[in-house]
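Each remark here refers to the structure printed beneath this line.
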Amino acid sequence: MLQAELGEGRANALVRKALGTHYRAQGEAFRRTRRENDLGQAMASAFATYAREDALDYQVVEQSADSYAIDVTRCRYAEFYQELGEPDLGFLLVCSADFHVIEGFGSDVELARSQTIMQGAPRCDFRYKRSSD
């Protein structure tokens with residue numbers, strides 16, 4: 001309904017902005033409560049939380065104090081939105097949040113992801129890295 005009223009682009013930007021503030025605060029709170037300087041440990045803990053109750057199947061590609069790389073090979077969040085016939089909505093509400101959450105971790109942490117299961121790819125490739133600046 002929001003998209004019908006405002007147009008898809010404008011409605012999605014509005015939702016992304018509103019949720020961005022919430023997810024950024026979640027990232028800040030997670031980092032603050034964990035007090036973990038090891039990025040690999042912090043992200044491993046975060047993904048263990050996101051994967052609860054079989055929500056995600058994933059393989060750790062790399063884990064160190066300054067990086068964490070995983071490939072998600074099955075995503076129940078994506079399955080849910082695909083079953084609804086709404087993968088674009090799922091990407092907006094779920095996948096886009098990943099970048100906002102990592103902003104909350106601090107300006108020294110970056111996320112690169114080139115594909116998502118939600119958008120039809122065989123995996124989601126999460127690559128977290130602490131910048132050297």
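Letters for chains follow the order of the structure tokens (A, B, ...), residue numbers begin at 1 for each chain, and ligand numbers begin at 1 in the order shown.
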
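Residue neighbourhood of Arg32 in chain A, excluding near-sequence residues (fewer than 3 positions): Ala25, Gln26, Gly27, Glu28, Ala29, Arg35, Glu36, Asn37, Ala42, Gly104, Phe105 and Gly106 of chain A, at 12 Å, using only C-alpha atoms.
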
Please produce a file of those selected residues containing C-alpha atoms, as a PDB file, in the first residue's frame.
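Result written to out-v4.pdb:
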```pdb
ATOM      1  CA  ALA A  25      21.362   1.086  17.044  1.00  0.00           C
ATOM      2  CA  GLN A  26      21.182  -2.720  17.268  1.00  0.00           C
ATOM      3  CA  GLY A  27      24.722  -2.970  15.930  1.00  0.00           C
ATOM      4  CA  GLU A  28      25.944  -0.365  18.413  1.00  0.00           C
ATOM      5  CA  ALA A  29      24.271  -2.165  21.308  1.00  0.00           C
ATOM      6  CA  ARG A  35      32.962  -5.545  24.398  1.00  0.00           C
ATOM      7  CA  GLU A  36      34.742  -7.715  21.873  1.00  0.00           C
ATOM      8  CA  ASN A  37      37.690  -6.215  19.970  1.00  0.00           C
ATOM      9  CA  ALA A  42      32.104 -10.741  17.518  1.00  0.00           C
ATOM     10  CA  GLY A 104      26.655   0.350  14.278  1.00  0.00           C
ATOM     11  CA  PHE A 105      29.813  -1.665  14.852  1.00  0.00           C
ATOM     12  CA  GLY A 106      31.842   1.428  13.988  1.00  0.00           C
TER      13      GLY A 106
END
```

As a PyMOL selection string, which residues of chain A does DSSP assign to strand (DSSP E or B)?
-> chain A and resi 56-64+67-75+109-112+124-130

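For range 82-98 of chain A, the list of residues within 9 Å, based on only C-alpha atoms and with local chain neighbours fewer than 5 positions off taken out, reads Asn12, Val15, Arg16, Leu19, Gly20, Tyr23, Arg24, Tyr77, Glu103, Leu111, Thr116, Met118, Gln119 and Gly120 of chain A.
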
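One distance worth recording is that between CA of Phe30 in chain A and CA of Arg123 in chain A, which is 25.2 Å.
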
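The two atoms in question, CA of Ala51 in chain A and CA of Val72 in chain A, are spaced 9.9 Å apart.
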
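One finds CA of Glu110 in chain A at 9.4 Å from CA of Ser67 in chain A.
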